[in-house]
Every structure is written in structure tokens, then in C-alpha cells.
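Okay, structure first, notes after.
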Number of protein chains: 4
Amino acid sequence: MLSNLKAWQLTAQSGPAALRLVETETPKPARGQVLVRVRANSLNYRDLMVADGRYGILPLPQVPLSDGAGDIVELGQDANRWKVGDRVAATFFQGWPDGPFSRAVLDSALGGALPGMLSDYVALSEKGLVAIPSHLTYEEAATLPCAALTAWHALITRGRLSAADTVLLIGTGGVSIFALQFAKIHGARVILLSGSDEKLETARALGADHLINYKSTPDWEKEVFRLTGRAGADHIVEVGGRETFPKSVRAVAAGGTISLVGGVSGFASEIPIVEIISRMALVQGIYVGNRAMFHAMNRAITLHQLRPAISQRFLFDEAPEAYRCLQSGKHFGKIVILNP
Amino acid sequence: MLSNLKAWQLTAQSGPAALRLVETETPKPARGQVLVRVRANSLNYRDLMVADGRYGILPLPQVPLSDGAGDIVELGQDANRWKVGDRVAATFFQGWPDGPFSRAVLDSALGGALPGMLSDYVALSEKGLVAIPSHLTYEEAATLPCAALTAWHALITRGRLSAADTVLLIGTGGVSIFALQFAKIHGARVILLSGSDEKLETARALGADHLINYKSTPDWEKEVFRLTGRAGADHIVEVGGRETFPKSVRAVAAGGTISLVGGVSGFASEIPIVEIISRMALVQGIYVGNRAMFHAMNRAITLHQLRPAISQRFLFDEAPEAYRCLQSGKHFGKIVILNP
Amino acid sequence: MLSNLKAWQLTAQSGPAALRLVETETPKPARGQVLVRVRANSLNYRDLMVADGRYGILPLPQVPLSDGAGDIVELGQDANRWKVGDRVAATFFQGWPDGPFSRAVLDSALGGALPGMLSDYVALSEKGLVAIPSHLTYEEAATLPCAALTAWHALITRGRLSAADTVLLIGTGGVSIFALQFAKIHGARVILLSGSDEKLETARALGADHLINYKSTPDWEKEVFRLTGRAGADHIVEVGGRETFPKSVRAVAAGGTISLVGGVSGFASEIPIVEIISRMALVQGIYVGNRAMFHAMNRAITLHQLRPAISQRFLFDEAPEAYRCLQSGKHFGKIVILNP
Amino acid sequence: MLSNLKAWQLTAQSGPAALRLVETETPKPARGQVLVRVRANSLNYRDLMVADGRYGILPLPQVPLSDGAGDIVELGQDANRWKVGDRVAATFFQGWPDGPFSRAVLDSALGGALPGMLSDYVALSEKGLVAIPSHLTYEEAATLPCAALTAWHALITRGRLSAADTVLLIGTGGVSIFALQFAKIHGARVILLSGSDEKLETARALGADHLINYKSTPDWEKEVFRLTGRAGADHIVEVGGRETFPKSVRAVAAGGTISLVGGVSGFASEIPIVEIISRMALVQGIYVGNRAMFHAMNRAITLHQLRPAISQRFLFDEAPEAYRCLQSGKHFGKIVILNP
């Protein structure tokens with residue numbers, strides 16, 4: 001019945017143009033696996049980096065893309081955590097159920113060390129899935145595995161944000177907008193930076209307390225100080241990298257935290273060591289998170305009936321256009337690919 | 001000018017009947033002190049215990065009562081943190097600005113080791129005060145020093161509550177209602193117990209997610225398990241003492257926390273050691289908090305424009321009636337005494 | 001070849017007299033399991049409680065006893081973490097590899113929810129084992145799974161002991177003597193209580209800094225205060241229960257921690273709520289620990305070439321005598337059963 | 001009686017050559033101050049940076065140097081914490097008794113924002129001192145305020161080091177050698193780097209477990225991986241800065257910590273963002289510490305009778321030579337200046 005499937009494969013690490021649509025046999029779930037009919041994917045900046053080789057060399061061709069959600073259509077032997085029809089999202093790290101991070105976890109990254117989710121069907125370990133909050137559609141659920149969990153891990157699991165804190169968010173990409181939503185349900189004050197007044201207004205509607213256009217206010221670190229009574233931001237989610245990190249260090253409060261989660265503008269930056277010391281700042285690398293954090297995040301998403309922000313939708317056949325849309329930077333929150 | 005003041009003194013530790021209204025000379029603020037015109041007080045269960053000797057022996061006569069707010073009317077020598085007219089609340093521990101708790105802190109408790117606030121004027125160290133959030137009245141601010149700070153310390157400073165957590169609150173006294181408000185701005189789910197359906201409805205209006213009447217549901221710990229999908233409550237603020245503590249231990253989640261903050265029903269309880277071990281529960285004593293926590297709490301109160309719940313108001317001359325009102329248990333949230 | 005084995009079975013929960021030596025077929029390791037030739041066991045107070053029904057009702061007959069070490073003699077299908085000949089100890093919780101404690105973990109306790117280790121051969125999941133430090137014998141390794149890991153979890157994983165801290169230990173049983181050894185390699189000062197001057201001297205030889213005979217000094221909590229310059233003990237490992245817990249609360253430092261790990265003198269105790277609050281003490285239930293903690297502990301044991309204290313040894317056929325020896329309380333550290 | 005004193009003043013921020021010995025009137029301790037007869041100073045790399053302007057512009061002339069110890073010779077009004085004759089060391093931050101770091105603390109740095117200790121007599125707040133452990137000489141005590149407290153704060157207060165951890169130390173300056181001593185009393189394993197085999201041998205005598213000469217092993221991060229079974233170092237105390245930081249990031253364990261405490265080779269470094277993220281490393285700025293940490297450290301130093309490593313001693317009149325000795329990098333541990 002499930003004889004053939006369609007999938008996108010990366011045939012060279014030369015960008016979205018190297019994506020090819022192929023037709024192959026649908027996999028059989030092995031012992032302990034389940035077969036997932038993928039209903040939606042979402043894109044992360046990481047997918048662009050994988051596609052053009054900035055994230056290391058992959059064996060090619062390979063199905064790309066980390067985020068996906070769907071429903072279970074078949075159970076492998078000894079797979080007893082789920083039943084056919086269950087709505088699930090895949091965890092980015094297939095091998096990190098709980099506990100502290102270890103190097104071995106890296107070998108279980110979907111759409112990197114392991115093949116990805118841009119396919120009609122994917123066979124995955126039954127332990128590498130989480131149930132989707134019931135109020136979310138597949139496309140909404142597909143946005144959670146990387147971007148939402150990164151924001152949750154940074155601000156909540158490790159940041160332990162409180163309503164006495166001020167959070168600084170850089171831009172309006174997926175991680176930043178989830179960070180905004182999570183910060184607001186935890187009562188924190190949010191300052192958000194963007195180069196677009198239109199995007200700033202959209203962020204305001206989602207609860208951002210203070211907005212700064214970094215084009216009209218290039219010295220935004222000074223504005224952060226002004227807005228916080230010269231205290232600085234307690235927590236900064238640093239997605240920018242080379243261009244923003246030095247300013248972030250100057251914008252952080254004494255004893256504050258900078259979560260390093262990405263590097264849109266480049267991954268090597270001059271680190272201002274003396275300023276980190278004199279602020280006793282904490283700089284923490286955050287690389288998505290584990291399944292237990294995903295469960296906790298889903299409890300909160302369910303309790304607050306949160307809905308992810310999705311600005312663009314593409315059909316499965318248009319996947320390369322979705323990649324190019326992300327490259328263009330026009331999105332707000334997430335871009336999804338539908339495969340209903 | 002400020003020649004004489006009125007104050008209540010405790011003349012014996014035999015309960016509210018031993019309160020006497022006296023007239024004495026207004027104190028001069030010493031070096032480093034300021035003189036505060038007390039505009040409002042609020043009552044805590046602790047004040048009843050001090051009044052009837054359950055909290056240790058006091059030198060008598062002594063001005064009682066821990067909570068008070070007012071405005072600064074005179075500055076002592078070298079006092080330069082404030083100016084005349086500033087609106088302030090006194091910190092319960094006059095000698096705990098910051099850092100970990102130490103035994104020496106106990107000697108600085110207002111309305112206990114030190115004389116209290118039930119007086120027209122009080123001279124206090126300029127370091128023993130915090131500024132009142134500007135949206136609060138004096139009577140609202142007077143409710144913060146003990147009850148609100150205890151709840152904040154338990155759930156936020158040490159509890160690090162998140163929106164993935166469920167909090168169980170026992171009753172509708174001052175600490176519990178502040179705990180409800182703080183839990184809600186941090187996104188947590190709240191289960192609240194009371195013996196009165198009317199009070200439960202008032203709590204619902206403040207955001208409580210689940211309500212249990214412990215009279216009609218004496219096995220409330222089982223209901224907590226049912227409501228949490230058999231996980232138990234992540235955090236319990238235990239104000240009850242003897243009657244509720246053993247049930248609280250059975251209602252707590254694996255690895256969950258019980259904050260011990262009071263003992264309305266008695267301070268000695270059978271501790272079910274084996275159940276604490278098998279749940280790996282954390283039981284933490286919480287005794288109000290320090291000035292830095294008060295500042296953090298006030299930032300959150302201001303950001304969210306929170307207003308304390310006050311159910312009864314008494315005039316300064318009616319102070320003994322305020323005590324008796326507290327004894328009767330008819331209040332919801334706080335009882336205040338006005339001295340405008 | 002491994003046709004028959006000998007094992008002890010508990011035939012009634014009426015104490016060690018209900019132990020019966022039986023001969024049955026050696027199990028085949030199932031998929032993902034390995035077969036372990038048990039070379040040594042050690043006894044914990046818990047085993048006495050299981051044997052006389054104080055720890056809940058077991059299906060009978062059942063092989064009892066939680067601690068055991070041996071070597072792997074056969075691999076089940078898909079078991080690839082070990083090879084035949086590897087020296088291993090079983091983890092007490094077979095299903096707690098890492099991460100926070102959860103209620104489901106309780107169902108995987110060896111010698112309780114699951115059958116125990118007092119047998120020639122045991123088939124266990126390959127995930128429920130740890131490698132034995134190479135400098136330890138089987139009998140030494142058999143002492144680690146419950147007592148050592150409980151002490152490590154309490155003082156190191158959660159207690160984060162430092163060389164600025166003072167630890168109070170109660171008695172000279174297995175947990176207390178491991179706690180002494182772990183406290184000393186972390187530089188802490190140790191005060192140790194015992195009713196026997198001879199045992200106190202043995203503890204001194206292991207590094208205890210201060211010794212108190214609780215028979216000659218029944219007000220030992222006062223002596224703890226004197227020895228700590230009236231600060232109290234930063235960390236207390238409370239194994240005693242009913243008789244010692246109230247004194248422990250009075251002996252703990254402001255903000256100090258009491259790890260509840262057992263209840264030799266009874267599991268219900270009057271909890272002095274007001275004293276926990278006024279000290280802002282932390283009371284944490286500790287129930288053994290997970291496999292990741294066991295690995296960390298073994299690294300430290302190896303680095304410091306620590307050797308467990310064993311005071312009595314019994315042969316496999318003498319197992320009931322080993323139980324009775326533990327009942328008598330004459331041991332120091334651990335009692336082991338050899339099955340070479 | 002104490003009419004005149006000698007002091008060194010920095011007359012220009014052009015290096016040690018700008019130091020001038022002057023004679024001025026001995027200060028009277030103000031209210032709340034005490035007068036300290038400085039018996040010994042020690043040098044930190046920071047003092048070189050202050051002297052040549054790398055740490056910001058000072059008002060000149062100014063007495064330089066942060067570390068000093070001596071005895072109290074006179075009490076100012078209301079100073080009642082000490083008595084004449086007490087042996088004390090000054091805290092680097094005169095205004096950070098306890099609690100979290102704040103920006104205001106920076107204004108209280110001795111030998112920076114405030115005048116320093118290179119003087120016969122210094123008047124200081126009675127709150128800006130700690131008692132010297134009784135087994136230490138003045139010269140030994142003078143080494144503690146910056147270097148030792150930085151190491152303690154990094155590894156113990158915030159690092160919560162355990163005997164399961166491996167620490168990597170870079171070089172044999174003051175901070176690194178104190179870090180070695182503190183790591184060893186907490187049972188940790190230490191890998192130490194130096195460019196001198198002779199210094200490596202001295203470090204071995206102090207307990208270093210593994211030694212790497214970074215001249216003969218320039219790829220020392222690979223050797224760290226080999227020595228740790230490919231796990232990496234759990235904690236790195238990064239004093240080097242520009243030259244070593246990128247290698248430190250590659251040498252750190254998954255989830256490990258790098259304490260940034262100085263920048264001998266320059267304070268701006270290319271930060272390898274992607275490697276911090278993929279290791280989920282924590283990079284924490286550490287800037288000395290507070291008085292409460294100093295007290296805790298002194299308890300440990302006293303319990304273990306630790307003695308600081310001092311390689312060179314100079315007389316007060318030879319202070320500029322002491323600075324030049326530090327510049328030369330020939331020292332091991334600390335350089336002190338005596339003023340008996």
C-alpha cells in the first residue's frame with residue numbers, strides 16, 4: 001500500500017538549487033521504530049547552512065531538514081509507546097531523551113548526522129518523538145522541534161526566567177519569536193530589535209514591551225541601558241553572531257546571561273573578554289534541547305494555548321522556494337512546508 | 001512639631017486583649033535612620049503568635065506588628081538614600097539586604113526581635129526600607145513585606161517556577177493569594193484548596209485553574225493526583241502545618257518542592273520520612289526574604305500592575321478588632337489597618 | 001553448561017528466617033540482557049525492611065537483596081555494550097539512566113519491585129550495569145550500588161559540598177562511612193556521631209575530624225554548635241529517622257541541608273516545622289541515584305583509589321547470618337556475602 | 001605618633017617607571033574606618049595593566065596596587081568590628097560584602113577606582129577587611145585578595161567542583177596555582193599547561209596530575225582530549241586570553257565551563273561561536289569575588305593549612321623591580337613586596 005514515497009534529496013552542498021525531488025520505496029519501520037507520515041516541515045537557518053556546507057560535510061545524496069510533524073501510520077516490532085494515528089513531532093536529537101548533554105548526542109541530529117524529514121514518510125525510533133499539543137495543527141507543530149525548544153532551553157530550562165527580568169531579543173526569526181512568547185508567559189519584560197518597523201509592530205502585537213529599530217538606532221546597546229534604568233538586559237538570546245555579539249556583551253546586565261544560539265551574521269566574532277569579565281556575564285551555548293524539555297515546553301504551550309507565528313507557507317513540491325524565502329530574510333517567525 | 005505620637009503596645013503576651021493605645025514622644029531619627037509616618041499596616045498570622053506568646057518571649061511593653069508602609073518625614077544625619085516625601089515600606093528583616101540567610105538576620109525582625117510598626121511614627125535605618133511601586137496605595141503596599149515576599153521567595157527566588165509547573169496552594173490567606181498571583185504571572189497552573197466555596201470562587205477570579213473544597217473533598221491529595229495526570233504538584237506552599245503537611249507530602253510530584261512557610265494548624269507534625277524519600281521531595285523552610293528579593297518582586301508587581309487582595313480594613317484605633325478578625329479566619333488575602 | 005543455579009528466596013515477609021536456599025534453572029538473557037555471575041553481594045538496612053515487610057508487600061517467593069557485583073558470562077541478542085568477562089555492578093534502579101527522578105523509576109528497583117541479586121546468576125538489562133573500578137574486588141564493588149551512591153547523591157550531586165563546609169554524619173553504617181570518605185576527598189570537615197568509642201576511633205582513622213559519642217553526649221546538637229563556632233552543620237546525612245531527626249534540625253546551619261536517606265529508628269518523626277522555617281533549612285529526600293551519578297562516583301573512587309569499609313564477610317550459604325549480623329548493629333560500614 | 005608615611009604613587013600611566021616614592025601625612029581613619037599598617041603586598045597582572053593604562057584612566061598621582069595585608073593600628077569612630085592588633089587583609093572590592101554582583105561594585109575596587117595598598121598605612125572601611133588565617137604570615141595573606149579569591153570563585157563558588165571533574169589550568173601564575181591547590185583539596189583531577197618544564201615539575205609537587213608543555217605540545221587541546229578519554233576538561237580557568245581561548249573552547253567537555261579571568265595575551269579574541277554552541281559550553285566572566293566568598297575560602301585554607309606559593313620577594317623600596325619581575329614572567333605563583 002505504502003509502496004512509493006516522494007522525498008527531497010540534497011545532491012550537493014551548494015545551496016537550495018541542489019535539492020532534487022525523488023521517488024523511492026517507503027521504508028519499513030525496524031524493531032523499536034514507527035513509520036511517520038510527515039504532514040508538515042518547518043525551516044531553520046541551520047537548514048540553509050547544511051545545504052551550502054557551512055555545517056560540515058554530509059554523505060550525499062541525503063534527505064535534508066530537521067523539523068517535521070505528522071501522524072503514525074505503522075508500528076515496528078516491539079514499538080509500544082504509540083498507536084497508529086497518533087500525532088507526533090520528531091525530536092531534533094533522536095538520542096537525547098533526558099539528562100545532561102554529551103558529545104554522543106551530536107550523532108543523533110536529524111537533518112545532519114542523520115537523514116532529515118523532507119519526505120513523505122520517515123521511519124524513526126519510537127523514542128525520538130513527542131505528542132503534539134492537541135490545539136495545534138501539523139504545520140504549527142512542525143515549528144517546535146528546533147526553534148521553539150532552543151528558546152525554551154535558553155530562557156526557561158537554563159535561564160530560569162522570572163517576572164523581574166528583562167529579556168533582549170535580536171530580530172524576528174523563529175527562535176526570537178518563540179523566545180518572545182515564552183518570555184511573556186513567564187511574566188518577563190521584552191525588548192526586541194529589528195530592522196523593520198513593520199516587523200516591530202507585529203512583535204508588539206505579540207507582547208513585546210519595547211521595540212528598537214537597529215537601523216535607525218545603531219547604538220541599540222545604549223538604548224537597552226536607557227530602557228532598563230542603566231541596568232542592562234538580564235538575558236539576551238544571541239542569534240546574530242559576528243555583528244551583534246560585541247554589542248550584546250555591552251548590553252547585558254551585571255551577572256546577566258547571553259545565550260548563544262546561532263550566527264546568522266557569521267560564527268566567528270571578536271569576543272570582548274574584558275567586558276565579559278567586568279560584567280561577570282555568563283555566555284552559554286545552547287544547541288536545541290532534549291525530549292524532557294520538549295515535554296515540559298508542550299505542557300506550557302498547551303496550558304497557554306500558544307500558537308506559533310508562521311509567516312509563509314509552501315507546498316511540498318515548492319521546497320526550494322521555501323529555502324530561498326528563508327535566505328531572503330523576509331519572514332517573521334517561521335516558514336513551513338505543507339504535505340497534507 | 002512632631003511632638004507626640006500614638007502607638008499600640010503589647011502589655012502582655014496574652015492575645016489582642018493585651019494591646020494598649022499609648023501616647024509617647026515622637027522619636028528622632030538617629031544617624032543613618034529616617035523617620036517614617038506610618039500610613040498603613042497589614043496583619044500576618046505571625047502577629048497573632050507574637051501577641052499570644054507562641055513566637056517566643058518579648059520584652060514588654062513593646063509596639064507590635066511587622067508590616068507597615070508610609071512616607072518619610074525626616075532624615076537623620078548621614079541618611080542620604082531617601083528624601084522627605086518618599087513612599088516606603090519597611091523590610092521585615094531590617095538587617096538582611098542581600099546574600100544568603102544567616103542566624104544574625106533573626107535579630108533584625110520587625111515586630112519581634114525589634115519593636116514593630118503599629119505606631120504613628122517609626123524611626124528605621126535607611127537601609128531597612130524599599131520604595132513602594134507607584135501604582136499602589138499605602139494600604140496595598142503595607143501588605144507586601146511579609147506575605148508577598150514569603151510567596152515570592154518560595155516560588156520564584158528559590159522555586160524558579162516555570163509555565164510547565166503546577167502549584168498547589170492551601171487556603172486563601174495572605175501568602176497563598178500572593179502565591180496565586182505570582183504563580184499566574186509566571187505562567188504556572190494553580191490548584192487551590194479552601195473550605196469555602198465562596199472563597200474558591202474569588203480565587204478563580206484571580207486566575208486559579210483548579211479549585212478543591214477540602215471539606216467536601218477531604219482526600220484532596222488524591223484529587224491533586226487526578227488533576228495532574230497522576231504526576232502530583234511540582235510546588236506546594238505549605239502554610240497549614242500539622243493538619244496538612246502529611247497530605248502535602250503525598251500530593252507532591254517526584255522531585256517536587258514543598259515550601260514550609262507557616263503552621264496555622266500547629267507547628268509540630270508527624271513527618272512521613274519514607275514518603276519524602278520515595279518521592280525525593282525537597283522540603284524548604286522559607287522565612288520571609290531579603291531586600292534584594294523585595295526589589296525584584298516590586299519590579300514584577302510594577303510591570304504587571306498587580307494589586308494585593310485586601311478583604312478587611314480597620315482604622316488605627318480599631319487595631320485589636322483587626323487582630324480578632326484575623327483570628328476568626330474570615331478574611332481572604334490581607335487585613336489592613338489604616339492610619340491616614 | 002550453566003544448567004542449574006542456587007539462589008536464596010524470601011518465602012514470607014517475616015524476617016531472615018524466611019529465607020530458603022533453592023536450586024533452579026539458570027536464566028537465558030533475553031534480548032538486550034546479559035547474564036551476570038554474581039560474585040558478591042552487600043547488605044543494606046533496606047534489605048531487612050523488605051524481608052520483614054516494612055517496605056511493602058512483595059510477590060512471594062522472590063529472590064531478595066539489592067546490591068551485587070560479578071562478571072558477565074553470556075550476552076543476549078542485541079546486547080552490545082559489554083563483552084563476556086567484563087566486571088560489573090548492578091544499578092539499584094534498573095530504569096534510571098540519567099536525568100531527573102520520576103515515579104516510573106520506582107518500578108525498577110532491584111530487590112524490591114524487581115527480583116534481587118542473592119543468586120548465583122542474574123539476567124539483567126545491559127543498561128542496568130556499570131563497570132567496576134579496576135582497583136576494587138568484587139566484594140568491594142558490591143558495596144557501591146545503594147549505600148555509596150546514596151551518599152554521593154546526597155553530598156556531591158545535590159549537596160555540592162565544598163571544603164568550606166562542615167558535614168554531620170550519624171552513626172557508622174554503610175551510607176555514613178561512604179559519606180565520610182566522599183566528604184573528605186572533597187575537603188569538607190566531618191563531625192561523626194556514634195554510640196561506640198571503638199567505632200569512633202575507626203572513623204577517626206578514615207579522616208573524621210570531630211567525634212561525638214551520643215551516649216555520653218546525648219545533647220549532641222549542642223556539641224555540634226560548639227564545634228562549628230555556633231554556626232551549625234552545613235550538611236547532615238540523616239539516616240536515623242525518628243530518634244535523630246528533631247535533633248538534626250536543631251544542629252543544622254542557617255540555610256543548611258538535611259539529606260533524608262533512611263530511618264533506622266523509625267520512619268515517622270515529629271517534624272519541628274517552626275525550626276525548619278527559622279533556619280531556612282532544606283530537607284531533601286534522597287533515594288539512591290541514577291546510573292550517570294554512579295559513573296561520576298566511580299571516576300572519583302578510581303582517581304582517589306578509595307576502598308569501601310567492610311567489617312564482616314559471610315559465605316553465600318550463610319546469607320541469613322549476614323542479615324542477622326546487620327540486625328545486631330555490630331558492623332562498621334558494610335557487610336558482604338561472598339559467592340566466588 | 002604616626003605622623004608620616006611612605007607610599008608609592010603612580011605619576012603617569014606609562015608603566016612601572018612612573019612609580020615615585022613619596023612621604024605624606026598618615027591618614028586619620030574616618031567614621032567606620034580603621035587604619036591598617038600594611039605589612040605586605042602582592043602583585044597581580046592587573047597591577048601592570050593599571051600601571052600602563054590598559055585598565056582605564058586613573059586620576060594621578062595615585063597609590064597603586066590591589067593586594068595588601070597588615071595589622072590594625074587605630075580605630076575610627078563607630079568602628080567596632082575589630083580591635084587594634086588584629087591581622088587583616090583588604091578585600092579587593094571594598095563594597096561587595098555579599099550577594100550577587102552589581103555594577104556599583106566596580107566603583108569600590110582597590111588599586112583602581114579607589115587608591116591602592118602600596119603604602120605604609122591605609123585607612124579603610126572596617127567592612128572592607130577579612131581576618132587572616134592564623135597559620136599564614138602577612139606575606140602569605142597578602143596573596144589572597146585577588147588571585148586566590150578569583151580561583152575560589154571560579155572553581156568552587158560557581159564551579160561547584162567535584163572529585164569526578166577534570167580541571168585544566170593554563171600557566172603557573174597566581175590564579176592558576178591557587179586554582180591547582182583548591183582543585184586538589186576538592187578531589188578534582190588537574191591538567192596543567194606551562195612552557196617551562198621546571199615550572200611543570202614544581203606544579204607536580206603541588207599535586208598536578210597531568211602536565212603539558214605547550215611549547216613541545218602546541219596542539220595541547222588534543223592532548224587534553226587524550227588524557228580525558230576524549231571527554232575534554234570539565235572546567236578550564238582561562239587566564240591567557242587571545243592566544244589560548246580558542247584552544248580552550250576546543251578542549252572543554254560537553255556542557256563544561258570556561259571561567260574567563262584574565263587576558264595575559266590580549267583581551268580581544270576570536271570567539272568560535274559554533275564550537276561553543278555545539279559543546280553547549282558555559283563561558284563565565286569571573287572578576288575576583290565578594291567578602292562572603294573570602295570568608296568561605298579562608299575556612300578551607302585554614303582547615304587544610306594551605307600555604308600560598310610565593311616565588312619572589314621584594315622590599316617595599318624595591319617595588320618597581322617587583323613590577324618588572326612580574327612583567328618578565330619568571331615567577332611561579334605570587335610575587336610579594338614586604339614592608340615589615
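In the C-alpha cells, each chain is lettered A, B, ... as it comes, each chain's residues begin at 1, and ligands are numbered from 1 in order of appearance.
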Residue list for chain C near chain D as a PyMOL selection string, 7 Å, only C-alpha atoms: chain C and resi 156+160+162-164+185-187+296-297+299-300
Non-local contacts of segment 13-30 of chain D (8 Å; only C-alpha atoms; under 2 positions in same chain excluded) as a PyMOL selection string: chain D and resi 2-11+32-35+48+50-53+57-58+74-77+121-124+317+320+323-324
For those residues, write C-alpha atoms to a file as an mmCIF file, in the first residue's frame.
data_model
loop_
_atom_site.group_PDB
_atom_site.id
_atom_site.type_symbol
_atom_site.label_atom_id
_atom_site.label_comp_id
_atom_site.auth_asym_id
_atom_site.auth_seq_id
_atom_site.Cartn_x
_atom_site.Cartn_y
_atom_site.Cartn_z
ATOM 1 C CA LEU D 2 52.071 58.099 63.150
ATOM 2 C CA SER D 3 52.973 61.453 61.673
ATOM 3 C CA ASN D 4 54.448 60.491 58.304
ATOM 4 C CA LEU D 5 54.245 57.532 55.985
ATOM 5 C CA LYS D 6 55.940 56.412 52.810
ATOM 6 C CA ALA D 7 53.906 55.382 49.799
ATOM 7 C CA TRP D 8 54.430 54.681 46.141
ATOM 8 C CA GLN D 9 52.463 56.796 43.716
ATOM 9 C CA LEU D 10 51.791 56.256 40.073
ATOM 10 C CA THR D 11 52.572 59.595 38.431
ATOM 11 C CA GLY D 32 33.551 53.492 60.334
ATOM 12 C CA GLN D 33 37.143 53.133 59.155
ATOM 13 C CA VAL D 34 40.249 51.580 60.645
ATOM 14 C CA LEU D 35 43.888 52.373 59.992
ATOM 15 C CA LEU D 48 50.703 46.013 35.378
ATOM 16 C CA VAL D 50 46.665 49.682 35.667
ATOM 17 C CA ALA D 51 50.236 50.998 35.582
ATOM 18 C CA ASP D 52 50.397 51.253 31.818
ATOM 19 C CA GLY D 53 46.845 52.392 31.216
ATOM 20 C CA ILE D 57 42.391 56.192 33.061
ATOM 21 C CA LEU D 58 43.150 56.974 36.717
ATOM 22 C CA GLU D 74 43.840 52.623 65.049
ATOM 23 C CA LEU D 75 40.049 52.539 65.090
ATOM 24 C CA GLY D 76 37.882 55.330 63.681
ATOM 25 C CA GLN D 77 34.678 56.432 65.374
ATOM 26 C CA TYR D 121 49.377 52.885 56.141
ATOM 27 C CA VAL D 122 45.951 52.780 54.587
ATOM 28 C CA ALA D 123 42.613 53.855 56.090
ATOM 29 C CA LEU D 124 39.819 51.502 55.035
ATOM 30 C CA ASP D 317 61.691 50.268 48.401
ATOM 31 C CA PRO D 320 59.281 48.871 40.737
ATOM 32 C CA TYR D 323 56.577 45.005 38.845
ATOM 33 C CA ARG D 324 59.346 44.288 36.339
#
Strand (DSSP E) call set, DSSP backbone run, segment 75-312 of chain B, as JSON, numbers by chain: {"B": [75, 87, 88, 89, 90, 121, 122, 123, 124, 125, 129, 130, 131, 166, 167, 168, 169, 170, 189, 190, 191, 192, 193, 194, 210, 211, 212, 213, 233, 234, 235, 236, 237, 238, 252, 253, 254, 255, 256, 257, 258, 259, 260, 268, 269, 270, 271, 272, 282, 283, 284, 285, 310, 311, 312]}
I need the residues from that last selection saved to file as a compact mmCIF listing (two decimals), in the first residue's frame (with C-alpha atoms), if you can.
# COMPACT_ATOMS: atom_id res chain seq x y z
CA LEU B 75 16.15 62.35 57.65
CA ARG B 87 6.83 56.50 49.87
CA VAL B 88 8.35 53.42 51.50
CA ALA B 89 7.62 50.04 53.04
CA ALA B 90 9.75 48.57 55.82
CA TYR B 121 5.81 57.22 63.50
CA VAL B 122 8.74 54.82 63.42
CA ALA B 123 12.44 55.59 63.12
CA LEU B 124 14.20 52.99 60.96
CA SER B 125 17.55 52.52 59.29
CA LEU B 129 13.19 50.30 53.53
CA VAL B 130 12.13 49.81 49.93
CA ALA B 131 10.33 52.22 47.61
CA THR B 166 1.71 23.03 38.72
CA VAL B 167 1.45 24.79 42.09
CA LEU B 168 -0.73 23.68 44.97
CA LEU B 169 -1.89 26.38 47.38
CA ILE B 170 -3.54 25.74 50.70
CA ARG B 189 -1.01 26.18 36.67
CA VAL B 190 -2.58 26.64 40.11
CA ILE B 191 -4.66 24.26 42.19
CA LEU B 192 -6.12 25.97 45.24
CA LEU B 193 -7.72 24.47 48.35
CA SER B 194 -10.21 26.13 50.61
CA HIS B 210 -8.48 24.23 39.67
CA LEU B 211 -10.38 24.57 42.93
CA ILE B 212 -10.85 21.97 45.65
CA ASN B 213 -13.08 22.35 48.68
CA ALA B 233 2.08 19.09 42.27
CA ASP B 234 5.52 20.42 41.41
CA HIS B 235 5.44 23.03 44.14
CA ILE B 236 3.34 23.24 47.29
CA VAL B 237 3.25 26.27 49.54
CA GLU B 238 2.55 24.71 52.91
CA VAL B 252 3.86 16.37 45.75
CA ALA B 253 5.40 15.28 42.45
CA ALA B 254 8.53 13.15 42.19
CA GLY B 255 11.36 15.57 42.82
CA GLY B 256 8.88 18.30 43.74
CA THR B 257 9.22 21.02 46.35
CA ILE B 258 7.25 21.84 49.49
CA SER B 259 7.89 25.30 50.85
CA LEU B 260 7.24 25.34 54.57
CA ALA B 268 4.72 20.10 65.02
CA SER B 269 3.73 17.48 62.54
CA GLU B 270 4.38 13.83 62.00
CA ILE B 271 6.82 13.87 59.14
CA PRO B 272 6.34 10.87 56.82
CA LEU B 282 12.54 18.83 48.73
CA VAL B 283 11.16 20.49 51.85
CA GLN B 284 12.47 24.02 52.25
CA GLY B 285 11.90 26.35 55.15
CA ILE B 310 -7.49 43.09 50.75
CA SER B 311 -10.71 41.87 52.29
CA GLN B 312 -11.00 43.91 55.50
Residues within 6 Å of Asp98 of chain D, only C-alpha atoms, excluding chain neighbours under 6 positions, as a list in words: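 Once the nearby chain positions are removed, what remains is Gly99 of chain B; Asn290 and Ala292 of chain D.
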Distance of atom CA of Arg37 of chain C from atom CA of Trp82 of chain C, expressed in Å to one decimal place: 13.9 Å
Atom CA of Arg54 of chain B to atom CA of Thr228 of chain C, distance in Å rounded to a single decimal: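 Atom-to-atom, atom CA of Arg54 of chain B and atom CA of Thr228 of chain C are spaced 28.9 Å apart.
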